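Engineer: First, the structure itself, so that you have it in front of you.
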Amino acid sequence: MIVVKLTGGLGNQLFQYAVGRHIAEIHRAILKIDISGFETYKLHKYSLSPFNIQENSASPEEVTALTVRKRGIAERVIRRVLRKPPKLAPTYIREKKLFHFDPDILDLPDGVYLAGSWQNEKYFADIETFIRQEFTVKIPQAGKDKELAEQIASCESVNLHIRRGDYVSNSHTNQILGTCDLDYYLRCVDCLTQTVKNPHFFIFSDEPEWAFNNLKLSYPTTIVDHNKADKNYEDLRLMSQCKHHIIANSTFSWWGAWLSQSPEKIVFAPKRWLKSDDYDQKDLNPEKWIKV
């Protein structure tokens, strides 16, 4: 059994599931997900139920067995008196460095608990077919989503994603991540339109009003703003159905482009995902994507 801890938004959860799915596949083991953190963490909620994943939840006992080191009576008493947290078990595997691919992770034995972001395609590239199949939505598109999907399929559709939200409002997040500025998007549009003729831009954003007021393009543009947060999977599906992509420094954005199966897709991604130089970002985006 492999247990993976799910945290963050939908994009983060997809990365976390993917690495666990690969290790479980290597061992022909069952994959279980630990979603207990969402009981107290209110910013995001568990978001993978709409997808065709192997949805097995780990019990508290299973999580404890893989995360807490077994102790003798004396040690338990001492730690309780001193109010020290229990030591982590050797089967608790924490990601060492954000964005960095650690090949040793894929050599882990069965019976481990994974905690981290695992934001790197190399963790699941070998099972790409499985991941693409399991990250499809269970229910068919309907209503406005179906109408947009048909429009997207009928033109040179470009998914342009703008992530703001807590990237702007949270000073700590802004200091680490920042946002892709208008100049970035305009440069991407200029580069893309040198190759793609008659593009139609479908703009997805957590602040659609900001996009409407600030991003002025001389091409057909549709702002997709009908889905609320509880249907973020519908926006992700629509993004993935576009032929080309201009993404933000967002895992949600990343998956929208990666899941696209357009054979001639062009993807523009930010060269710098973070403001900080403390992380190795060179492997964050697939090699074929154009870094701007």
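Identifiers in the structure tokens: chain A, B, ... in order shown; residue index from 1 per chain; ligand index from 1 in order shown.
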With a distance cut-off of 10 Å and only C-alpha atoms, select the neighbouring residues of Asn285 (chain A), excluding the residue or stretch itself and same-chain residues fewer than 4 positions from it, and output the selection as a tab-separated table (two decimals) with N, CA and C atoms, in the first residue's frame.
Structural biologist:
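Everything below was put into selection29.tsv:
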chain	number	residue	atom	x	y	z
A	99	PHE	N	10.21	21.26	-6.67
A	99	PHE	CA	10.42	21.26	-8.13
A	99	PHE	C	11.52	20.31	-8.59
A	119	GLN	N	5.97	18.38	-7.89
A	119	GLN	CA	5.59	19.12	-9.09
A	119	GLN	C	6.63	18.96	-10.19
A	120	ASN	N	6.66	17.79	-10.77
A	120	ASN	CA	7.62	17.49	-11.83
A	120	ASN	C	7.09	16.33	-12.67
A	121	GLU	N	7.03	16.54	-13.96
A	121	GLU	CA	6.47	15.54	-14.88
A	121	GLU	C	7.22	14.21	-14.81
A	254	TRP	N	-0.86	24.61	-15.37
A	254	TRP	CA	0.07	23.61	-15.90
A	254	TRP	C	-0.70	22.38	-16.40
A	258	TRP	N	-0.98	20.50	-19.99
A	258	TRP	CA	-0.42	19.14	-20.10
A	258	TRP	C	-1.48	18.13	-20.55
A	267	VAL	N	2.66	25.50	-26.38
A	267	VAL	CA	2.47	25.91	-24.99
A	267	VAL	C	3.52	26.95	-24.62
A	268	PHE	N	3.06	28.09	-24.13
A	268	PHE	CA	3.95	29.12	-23.59
A	268	PHE	C	3.83	29.10	-22.07
A	269	ALA	N	4.97	29.09	-21.40
A	269	ALA	CA	4.99	29.03	-19.94
A	269	ALA	C	6.01	30.03	-19.41
A	270	PRO	N	5.79	30.54	-18.20
A	270	PRO	CA	6.76	31.49	-17.64
A	270	PRO	C	8.10	30.82	-17.35
A	271	LYS	N	9.16	31.48	-17.78
A	271	LYS	CA	10.51	30.96	-17.53
A	271	LYS	C	10.80	30.91	-16.04
A	273	TRP	N	9.06	30.60	-12.55
A	273	TRP	CA	7.83	30.22	-11.86
A	273	TRP	C	7.72	30.94	-10.52
A	281	GLN	N	14.34	25.54	-11.08
A	281	GLN	CA	13.10	25.53	-11.82
A	281	GLN	C	13.23	24.97	-13.24
A	289	TRP	N	7.76	22.81	-24.19
A	289	TRP	CA	7.05	24.06	-23.93
A	289	TRP	C	8.00	25.23	-24.11
A	290	ILE	N	7.47	26.33	-24.58
A	290	ILE	CA	8.29	27.54	-24.84
A	290	ILE	C	8.28	28.41	-23.59
A	291	LYS	N	9.48	28.66	-23.05
A	291	LYS	CA	9.60	29.44	-21.82
A	291	LYS	C	9.83	30.90	-22.16
Engineer: Which polymer residues have any atom within 7 Å of an atom of region 201-211 of chain A, counting only C-alpha atoms, with same-chain residues fewer than 2 positions away left out, as a PyMOL selection string?
Structural biologist: chain A and resi 157-165+199+213-215+220-225
Engineer: Just to confirm, what's the straight-line distance from CA of Asp110 (chain A) to CA of Glu55 (chain A) in Å (one decimal)?
Structural biologist: 18.3 Å
Engineer: So that I can see what lies close to Glu156 (chain A), please list as a count of residues only the residues with an atom at most 10 Å from it, counting only C-alpha atoms and leaving out residues fewer than 5 positions away in the same chain.
Structural biologist: 10
Engineer: Looking only at the backbone, which of the residues in region 62-235 of chain A does DSSP tag as helix (DSSP H, G or I), as a PyMOL selection string?
Structural biologist: chain A and resi 62-67+73-82+103-107+121-123+125-134+143-153+166-169+171-176+182-192+208-214+229-235
Engineer: Identify, on the basis of only C-alpha atoms, every residue whose closest approach to region 1-18 of chain A does not exceed 7 Å; exclude the query and any residue fewer than 5 positions from it along the same chain; express the result as a VMD selection string.
Structural biologist: chain A and resid 24 29 to 35 37 44 47 58 110 to 115 117 to 119 124 131 251 to 252 255
Engineer: Could you list, as a PyMOL selection string, every residue within 6 Å of region 137-139 of chain A, counting only C-alpha atoms and ignoring same-chain residues fewer than 2 positions away?
Structural biologist: chain A and resi 50-52
Engineer: Save the residues we just selected, C-alpha atoms, as a compact mmCIF listing (two decimals), in the first residue's frame?
Structural biologist:
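Final file, part-v2.txt:
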# COMPACT_ATOMS: atom_id res chain seq x y z
CA PRO A 50 -15.01 14.19 -10.28
CA PHE A 51 -12.12 12.31 -11.93
CA ASN A 52 -11.74 8.66 -12.92
Engineer: Calculate how many Å separate CA of Lys87 (chain A) from CA of Val68 (chain A), rounding to one decimal.
Structural biologist: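 Atom-to-atom, CA of Lys87 (chain A) and CA of Val68 (chain A) are spaced 6.1 Å apart.
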Engineer: Report the distance between CA of Ile246 (chain A) and CA of Asp102 (chain A) in Å, rounded to one decimal place.
Structural biologist: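 So the two atoms, CA of Ile246 (chain A) and CA of Asp102 (chain A), lie 27.7 Å apart.
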Engineer: Pick the closest to Leu108 (chain A) from A:Leu43, A:Thr91, A:Tyr219, A:Glu147: which is it, counting only C-alpha atoms?
Structural biologist: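 Ranked by minimum distance to Leu108 (chain A), first place goes to A:Thr91.
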Engineer: I need the residues in region 191-280 of chain A that are strand (DSSP E or B) according to DSSP; give them as an mmCIF file with C-alpha atoms, in the first residue's frame.
Structural biologist:
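Saved to part_17.cif:
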data_model
loop_
_atom_site.group_PDB
_atom_site.id
_atom_site.type_symbol
_atom_site.label_atom_id
_atom_site.label_comp_id
_atom_site.auth_asym_id
_atom_site.auth_seq_id
_atom_site.Cartn_x
_atom_site.Cartn_y
_atom_site.Cartn_z
ATOM 1 C CA PRO A 199 -6.563 32.454 -33.036
ATOM 2 C CA HIS A 200 -9.495 32.675 -30.653
ATOM 3 C CA PHE A 201 -8.452 33.273 -27.044
ATOM 4 C CA PHE A 202 -10.430 31.660 -24.241
ATOM 5 C CA ILE A 203 -9.459 33.442 -21.048
ATOM 6 C CA PHE A 204 -9.702 31.617 -17.732
ATOM 7 C CA SER A 205 -9.025 33.501 -14.520
ATOM 8 C CA THR A 221 -11.726 36.667 -27.117
ATOM 9 C CA THR A 222 -14.069 34.784 -24.794
ATOM 10 C CA ILE A 223 -13.815 35.139 -21.030
ATOM 11 C CA VAL A 224 -14.922 31.917 -19.368
ATOM 12 C CA HIS A 244 -2.807 25.968 -27.738
ATOM 13 C CA HIS A 245 -1.933 27.350 -24.324
ATOM 14 C CA ILE A 246 -0.513 30.373 -22.548
ATOM 15 C CA VAL A 267 2.468 25.914 -24.992
ATOM 16 C CA PHE A 268 3.946 29.118 -23.595
ATOM 17 C CA ALA A 269 4.995 29.027 -19.944
#
